[in-house]
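**Student:** File follows, work-v3.tsv with TSV, N, CA and C atoms:
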```tsv
chain	number	residue	atom	x	y	z
A	1	MET	N	0.84	-1.18	0.00
A	1	MET	CA	0.00	0.00	0.00
A	1	MET	C	0.88	1.24	0.00
A	2	ASN	N	0.62	2.16	-0.90
A	2	ASN	CA	1.40	3.38	-1.02
A	2	ASN	C	0.85	4.42	-0.05
A	3	THR	N	1.69	4.85	0.88
A	3	THR	CA	1.24	5.83	1.86
A	3	THR	C	1.75	7.23	1.56
A	4	ASP	N	2.46	7.40	0.43
A	4	ASP	CA	2.94	8.73	0.06
A	4	ASP	C	1.76	9.62	-0.29
A	5	THR	N	1.82	10.84	0.18
A	5	THR	CA	0.75	11.81	-0.10
A	5	THR	C	1.33	12.93	-0.93
A	6	GLN	N	0.67	13.26	-2.03
A	6	GLN	CA	1.10	14.36	-2.87
A	6	GLN	C	0.04	15.43	-2.84
A	7	LEU	N	0.48	16.67	-2.72
A	7	LEU	CA	-0.45	17.79	-2.77
A	7	LEU	C	-0.57	18.26	-4.20
A	8	LEU	N	-1.77	18.46	-4.65
A	8	LEU	CA	-2.02	18.96	-5.99
A	8	LEU	C	-2.47	20.40	-5.91
A	9	LYS	N	-1.95	21.23	-6.79
A	9	LYS	CA	-2.38	22.62	-6.84
A	9	LYS	C	-3.58	22.68	-7.78
A	10	VAL	N	-4.73	23.02	-7.23
A	10	VAL	CA	-5.94	23.11	-8.04
A	10	VAL	C	-6.50	24.52	-7.91
A	11	PRO	N	-7.12	25.03	-8.98
A	11	PRO	CA	-7.72	26.35	-8.88
A	11	PRO	C	-8.87	26.32	-7.90
A	12	SER	N	-8.98	27.36	-7.13
A	12	SER	CA	-10.09	27.43	-6.18
A	12	SER	C	-10.67	28.83	-6.19
A	13	PRO	N	-11.91	28.95	-5.79
A	13	PRO	CA	-12.54	30.27	-5.76
A	13	PRO	C	-11.80	31.19	-4.80
A	14	GLY	N	-11.78	32.44	-5.14
A	14	GLY	CA	-11.12	33.43	-4.30
A	14	GLY	C	-12.00	34.66	-4.17
A	15	PRO	N	-11.43	35.73	-3.66
A	15	PRO	CA	-12.22	36.95	-3.44
A	15	PRO	C	-12.71	37.59	-4.73
A	16	GLN	N	-12.10	37.24	-5.86
A	16	GLN	CA	-12.54	37.80	-7.14
A	16	GLN	C	-13.56	36.90	-7.84
A	17	SER	N	-14.27	36.12	-7.08
A	17	SER	CA	-15.31	35.26	-7.67
A	17	SER	C	-16.58	35.36	-6.83
A	18	ARG	N	-17.68	35.00	-7.48
A	18	ARG	CA	-18.98	35.04	-6.79
A	18	ARG	C	-19.68	33.70	-7.00
A	19	LEU	N	-20.11	33.09	-5.89
A	19	LEU	CA	-20.86	31.84	-5.97
A	19	LEU	C	-22.21	32.12	-6.63
A	20	LEU	N	-22.54	31.30	-7.63
A	20	LEU	CA	-23.83	31.45	-8.31
A	20	LEU	C	-24.72	30.26	-7.99
A	21	SER	N	-25.84	30.53	-7.38
A	21	SER	CA	-26.83	29.47	-7.20
A	21	SER	C	-27.49	29.23	-8.57
A	22	TYR	N	-28.19	28.13	-8.68
A	22	TYR	CA	-28.88	27.81	-9.94
A	22	TYR	C	-29.76	28.96	-10.41
A	23	HIS	N	-30.42	29.63	-9.49
A	23	HIS	CA	-31.34	30.72	-9.85
A	23	HIS	C	-30.61	31.92	-10.44
A	24	ASN	N	-29.30	32.01	-10.23
A	24	ASN	CA	-28.52	33.11	-10.79
A	24	ASN	C	-27.82	32.77	-12.10
A	25	TRP	N	-28.00	31.54	-12.59
A	25	TRP	CA	-27.41	31.19	-13.87
A	25	TRP	C	-27.96	32.07	-14.99
A	26	ILE	N	-29.11	32.66	-14.80
A	26	ILE	CA	-29.70	33.55	-15.80
A	26	ILE	C	-28.77	34.72	-16.10
A	27	HIS	N	-27.85	35.02	-15.17
A	27	HIS	CA	-26.92	36.13	-15.34
A	27	HIS	C	-25.62	35.72	-16.04
A	28	LEU	N	-25.51	34.45	-16.42
A	28	LEU	CA	-24.33	34.00	-17.17
A	28	LEU	C	-24.48	34.37	-18.64
A	29	ASN	N	-23.36	34.72	-19.24
A	29	ASN	CA	-23.33	35.06	-20.67
A	29	ASN	C	-22.15	34.35	-21.32
A	30	PRO	N	-22.28	34.04	-22.61
A	30	PRO	CA	-21.13	33.47	-23.32
A	30	PRO	C	-19.90	34.38	-23.14
A	31	GLY	N	-18.78	33.74	-22.86
A	31	GLY	CA	-17.53	34.48	-22.63
A	31	GLY	C	-17.21	34.71	-21.17
A	32	ASP	N	-18.19	34.53	-20.28
A	32	ASP	CA	-17.92	34.68	-18.85
A	32	ASP	C	-16.95	33.61	-18.39
A	33	ARG	N	-16.03	34.00	-17.52
A	33	ARG	CA	-15.09	33.05	-16.93
A	33	ARG	C	-15.68	32.51	-15.64
A	34	VAL	N	-15.60	31.20	-15.46
A	34	VAL	CA	-16.18	30.53	-14.30
A	34	VAL	C	-15.21	29.50	-13.74
A	35	ILE	N	-15.47	29.12	-12.50
A	35	ILE	CA	-14.84	27.95	-11.90
A	35	ILE	C	-15.97	26.95	-11.66
A	36	VAL	N	-15.79	25.75	-12.19
A	36	VAL	CA	-16.80	24.70	-12.09
A	36	VAL	C	-16.27	23.62	-11.16
A	37	LYS	N	-17.06	23.28	-10.15
A	37	LYS	CA	-16.72	22.17	-9.25
A	37	LYS	C	-17.78	21.11	-9.44
A	38	ARG	N	-17.43	20.09	-10.25
A	38	ARG	CA	-18.35	18.98	-10.48
A	38	ARG	C	-18.12	17.90	-9.44
A	39	THR	N	-19.15	17.15	-9.15
A	39	THR	CA	-19.07	16.07	-8.18
A	39	THR	C	-17.94	15.11	-8.55
A	40	GLY	N	-17.05	14.88	-7.61
A	40	GLY	CA	-15.95	13.94	-7.82
A	40	GLY	C	-14.78	14.50	-8.59
A	41	CYS	N	-14.80	15.79	-8.92
A	41	CYS	CA	-13.73	16.42	-9.70
A	41	CYS	C	-13.15	17.61	-8.94
A	42	ALA	N	-11.92	17.93	-9.23
A	42	ALA	CA	-11.31	19.14	-8.69
A	42	ALA	C	-11.94	20.35	-9.37
A	43	PRO	N	-11.89	21.52	-8.75
A	43	PRO	CA	-12.41	22.73	-9.41
A	43	PRO	C	-11.64	22.99	-10.70
A	44	GLU	N	-12.37	23.42	-11.73
A	44	GLU	CA	-11.78	23.66	-13.05
A	44	GLU	C	-12.20	25.03	-13.56
A	45	HIS	N	-11.24	25.75	-14.14
A	45	HIS	CA	-11.55	27.03	-14.77
A	45	HIS	C	-12.08	26.77	-16.18
A	46	GLY	N	-13.00	27.63	-16.62
A	46	GLY	CA	-13.53	27.50	-17.96
A	46	GLY	C	-14.21	28.77	-18.41
A	47	THR	N	-14.71	28.73	-19.65
A	47	THR	CA	-15.40	29.86	-20.25
A	47	THR	C	-16.79	29.42	-20.69
A	48	VAL	N	-17.81	30.17	-20.30
A	48	VAL	CA	-19.18	29.86	-20.70
A	48	VAL	C	-19.26	29.97	-22.22
A	49	ASP	N	-19.79	28.93	-22.86
A	49	ASP	CA	-19.90	28.89	-24.31
A	49	ASP	C	-21.32	29.23	-24.76
A	50	ASP	N	-22.31	28.71	-24.06
A	50	ASP	CA	-23.71	28.94	-24.43
A	50	ASP	C	-24.58	28.69	-23.20
A	51	VAL	N	-25.68	29.42	-23.10
A	51	VAL	CA	-26.60	29.28	-21.98
A	51	VAL	C	-27.98	28.96	-22.54
A	52	GLY	N	-28.66	27.94	-21.97
A	52	GLY	CA	-30.00	27.59	-22.42
A	52	GLY	C	-30.97	28.74	-22.22
A	53	GLU	N	-32.01	28.77	-23.03
A	53	GLU	CA	-32.99	29.85	-22.99
A	53	GLU	C	-33.58	30.06	-21.60
A	54	ASP	N	-33.82	28.97	-20.88
A	54	ASP	CA	-34.39	29.08	-19.53
A	54	ASP	C	-33.30	29.06	-18.44
A	55	ALA	N	-32.04	29.06	-18.86
A	55	ALA	CA	-30.87	29.05	-17.97
A	55	ALA	C	-30.84	27.84	-17.04
A	56	SER	N	-31.51	26.76	-17.39
A	56	SER	CA	-31.46	25.54	-16.57
A	56	SER	C	-30.22	24.71	-16.90
A	57	TYR	N	-29.50	25.10	-17.96
A	57	TYR	CA	-28.26	24.44	-18.33
A	57	TYR	C	-27.38	25.44	-19.08
A	58	PHE	N	-26.09	25.14	-19.11
A	58	PHE	CA	-25.18	25.92	-19.94
A	58	PHE	C	-24.00	25.05	-20.32
A	59	TRP	N	-23.35	25.43	-21.40
A	59	TRP	CA	-22.16	24.75	-21.87
A	59	TRP	C	-20.96	25.57	-21.45
A	60	VAL	N	-19.91	24.90	-21.00
A	60	VAL	CA	-18.67	25.57	-20.61
A	60	VAL	C	-17.50	24.85	-21.26
A	61	ARG	N	-16.55	25.63	-21.75
A	61	ARG	CA	-15.30	25.06	-22.27
A	61	ARG	C	-14.29	25.08	-21.13
A	62	ILE	N	-13.97	23.90	-20.63
A	62	ILE	CA	-13.01	23.77	-19.54
A	62	ILE	C	-11.61	23.97	-20.12
A	63	ASP	N	-10.82	24.84	-19.50
A	63	ASP	CA	-9.47	25.14	-20.00
A	63	ASP	C	-8.67	23.85	-20.20
A	64	GLY	N	-8.09	23.70	-21.38
A	64	GLY	CA	-7.26	22.54	-21.68
A	64	GLY	C	-8.03	21.26	-21.93
A	65	GLN	N	-9.36	21.33	-21.91
A	65	GLN	CA	-10.18	20.15	-22.16
A	65	GLN	C	-11.22	20.49	-23.22
A	66	GLY	N	-12.37	19.93	-23.11
A	66	GLY	CA	-13.42	20.14	-24.09
A	66	GLY	C	-14.61	20.88	-23.51
A	67	ARG	N	-15.67	20.82	-24.25
A	67	ARG	CA	-16.94	21.46	-23.90
A	67	ARG	C	-17.72	20.51	-22.99
A	68	THR	N	-18.27	21.06	-21.91
A	68	THR	CA	-19.00	20.25	-20.92
A	68	THR	C	-20.36	20.87	-20.65
A	69	LEU	N	-21.38	20.03	-20.56
A	69	LEU	CA	-22.73	20.48	-20.25
A	69	LEU	C	-22.90	20.49	-18.73
A	70	ILE	N	-23.35	21.63	-18.20
A	70	ILE	CA	-23.67	21.77	-16.79
A	70	ILE	C	-25.18	22.00	-16.73
A	71	PHE	N	-25.88	21.23	-15.90
A	71	PHE	CA	-27.33	21.40	-15.85
A	71	PHE	C	-27.83	21.37	-14.41
A	72	HIS	N	-28.95	22.01	-14.22
A	72	HIS	CA	-29.56	22.07	-12.90
A	72	HIS	C	-29.77	20.66	-12.38
A	73	GLY	N	-29.32	20.41	-11.17
A	73	GLY	CA	-29.52	19.10	-10.57
A	73	GLY	C	-28.33	18.16	-10.72
A	74	ASP	N	-27.26	18.59	-11.43
A	74	ASP	CA	-26.13	17.68	-11.60
A	74	ASP	C	-25.12	17.77	-10.45
A	75	GLY	N	-25.38	18.67	-9.48
A	75	GLY	CA	-24.51	18.77	-8.32
A	75	GLY	C	-23.32	19.69	-8.48
A	76	SER	N	-23.20	20.35	-9.63
A	76	SER	CA	-22.07	21.26	-9.86
A	76	SER	C	-22.23	22.54	-9.04
A	77	VAL	N	-21.08	23.06	-8.61
A	77	VAL	CA	-21.03	24.34	-7.92
A	77	VAL	C	-20.31	25.31	-8.85
A	78	ILE	N	-20.91	26.47	-9.08
A	78	ILE	CA	-20.38	27.42	-10.05
A	78	ILE	C	-19.99	28.72	-9.35
A	79	HIS	N	-18.78	29.18	-9.64
A	79	HIS	CA	-18.33	30.50	-9.21
A	79	HIS	C	-18.05	31.31	-10.47
A	80	LYS	N	-18.60	32.49	-10.56
A	80	LYS	CA	-18.32	33.39	-11.68
A	80	LYS	C	-17.12	34.27	-11.29
A	81	LEU	N	-16.12	34.30	-12.16
A	81	LEU	CA	-14.95	35.14	-11.91
A	81	LEU	C	-15.32	36.58	-12.24
A	82	LEU	N	-14.97	37.47	-11.34
A	82	LEU	CA	-15.28	38.89	-11.53
A	82	LEU	C	-14.11	39.57	-12.22
A	83	GLN	N	-14.41	40.51	-13.08
A	83	GLN	CA	-13.38	41.25	-13.80
A	83	GLN	C	-12.69	42.22	-12.84
A	84	PRO	N	-11.36	42.32	-12.92
A	84	PRO	CA	-10.63	43.24	-12.04
A	84	PRO	C	-10.93	44.70	-12.37
```
Could you show the structure in this file as structure tokens?

**Tutor:**
Amino acid sequence: MNTDTQLLKVPSPGPQSRLLSYHNWIHLNPGDRVIVKRTGCAPEHGTVDDVGEDASYFWVRIDGQGRTLIFHGDGSVIHKLLQP
């Protein structure tokens, strides 16, 4: 059994971000920068690509990865990065 512990540097929300509840997804726009924390995954930075008409879902391009669908009820936690 390997008992070595490695610390990973992962992006995390900071003072320049705002937690968005599902009801505030209506304020997301394509191009907005977000941090997405999906169940079982480390927080990931990305860019909003498209938002559903009723804002119950949106597509985000995760930096260095692909396009991911985020939808109400999937357990994701969203922080919107604020512009300096």

**Student:** Could you work out how far atom C of Gln83 (chain A) lies from CA of Gly40 (chain A), giving the answer in Å with one decimal?

**Tutor:**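 Taking CA of Gly40 (chain A) and atom C of Gln83 (chain A), their separation equals 28.9 Å.
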
**Student:** From the set A:Ser56, A:Leu69, A:Arg33, A:Ile62, which residue has the shortest atom-to-atom contact distance to Ser21 (chain A), counting only C-alpha atoms?

**Tutor:**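 Of A:Ser56, A:Leu69, A:Arg33, A:Ile62, the one nearest Ser21 (chain A) is A:Ser56, counting only C-alpha atoms.
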
**Student:** Can you pull out every residue within 10 Å of Gly64 (chain A), counting only C-alpha atoms, but drop anything in the same chain fewer than 4 positions away, and send it as a ChimeraX atom specification?

**Tutor:** /A:44-46

**Student:** Record the distance separating CA of Thr68 (chain A) and CA of Gln16 (chain A), expressed in Å with one decimal.

**Tutor:**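 Pair CA of Thr68 (chain A) / CA of Gln16 (chain A) returns 23.2 Å.
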
**Student:** Name the residues in contact with Trp59 (chain A) at a cut-off of 10 Å, using only C-alpha atoms, excluding same-chain residues fewer than 5 positions from it; report them as a ChimeraX atom specification.

**Tutor:** /A:30,46-52,67-71

**Student:** Can those selected residues be exported to a file as a short mmCIF file (atom, residue, chain, number, x, y, z; two decimals), keeping the file's coordinate frame so that it contains N, CA and C atoms?

**Tutor:**
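The result, written out as again.cif:
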```
data_model
loop_
_atom_site.label_atom_id
_atom_site.label_comp_id
_atom_site.auth_asym_id
_atom_site.auth_seq_id
_atom_site.Cartn_x
_atom_site.Cartn_y
_atom_site.Cartn_z
N PRO A 30 -22.28 34.04 -22.61
CA PRO A 30 -21.13 33.47 -23.32
C PRO A 30 -19.90 34.38 -23.14
N GLY A 46 -13.00 27.63 -16.62
CA GLY A 46 -13.53 27.50 -17.96
C GLY A 46 -14.21 28.77 -18.41
N THR A 47 -14.71 28.73 -19.65
CA THR A 47 -15.40 29.86 -20.25
C THR A 47 -16.79 29.42 -20.69
N VAL A 48 -17.81 30.17 -20.30
CA VAL A 48 -19.18 29.86 -20.70
C VAL A 48 -19.26 29.97 -22.22
N ASP A 49 -19.79 28.93 -22.86
CA ASP A 49 -19.90 28.89 -24.31
C ASP A 49 -21.32 29.23 -24.76
N ASP A 50 -22.31 28.71 -24.06
CA ASP A 50 -23.71 28.94 -24.43
C ASP A 50 -24.58 28.69 -23.20
N VAL A 51 -25.68 29.42 -23.10
CA VAL A 51 -26.60 29.28 -21.98
C VAL A 51 -27.98 28.96 -22.54
N GLY A 52 -28.66 27.94 -21.97
CA GLY A 52 -30.00 27.59 -22.42
C GLY A 52 -30.97 28.74 -22.22
N ARG A 67 -15.67 20.82 -24.25
CA ARG A 67 -16.94 21.46 -23.90
C ARG A 67 -17.72 20.51 -22.99
N THR A 68 -18.27 21.06 -21.91
CA THR A 68 -19.00 20.25 -20.92
C THR A 68 -20.36 20.87 -20.65
N LEU A 69 -21.38 20.03 -20.56
CA LEU A 69 -22.73 20.48 -20.25
C LEU A 69 -22.90 20.49 -18.73
N ILE A 70 -23.35 21.63 -18.20
CA ILE A 70 -23.67 21.77 -16.79
C ILE A 70 -25.18 22.00 -16.73
N PHE A 71 -25.88 21.23 -15.90
CA PHE A 71 -27.33 21.40 -15.85
C PHE A 71 -27.83 21.37 -14.41
#
```

**Student:** In Å, how far is it from atom N of Ser17 (chain A) to atom C of Val77 (chain A)?

**Tutor:**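 Result for atom N of Ser17 (chain A) versus atom C of Val77 (chain A): 12.5 Å, one decimal.
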
**Student:** Show which residues sit within 9 Å of Thr39 (chain A), as a ChimeraX atom specification. Count only C-alpha atoms, and ignore same-chain residues fewer than 6 positions away.

**Tutor:** /A:74-77

**Student:** Based on the selection just made, write N, CA and C atoms of those residues as a PDB file, in the coordinates of the input.

**Tutor:**
```pdb
ATOM      1  N   ASP A  74     -27.260  18.590 -11.430  1.00  0.00           N
ATOM      2  CA  ASP A  74     -26.130  17.680 -11.600  1.00  0.00           C
ATOM      3  C   ASP A  74     -25.120  17.770 -10.450  1.00  0.00           C
ATOM      4  N   GLY A  75     -25.380  18.670  -9.480  1.00  0.00           N
ATOM      5  CA  GLY A  75     -24.510  18.770  -8.320  1.00  0.00           C
ATOM      6  C   GLY A  75     -23.320  19.690  -8.480  1.00  0.00           C
ATOM      7  N   SER A  76     -23.200  20.350  -9.630  1.00  0.00           N
ATOM      8  CA  SER A  76     -22.070  21.260  -9.860  1.00  0.00           C
ATOM      9  C   SER A  76     -22.230  22.540  -9.040  1.00  0.00           C
ATOM     10  N   VAL A  77     -21.080  23.060  -8.610  1.00  0.00           N
ATOM     11  CA  VAL A  77     -21.030  24.340  -7.920  1.00  0.00           C
ATOM     12  C   VAL A  77     -20.310  25.310  -8.850  1.00  0.00           C
TER      13      VAL A  77
END
```
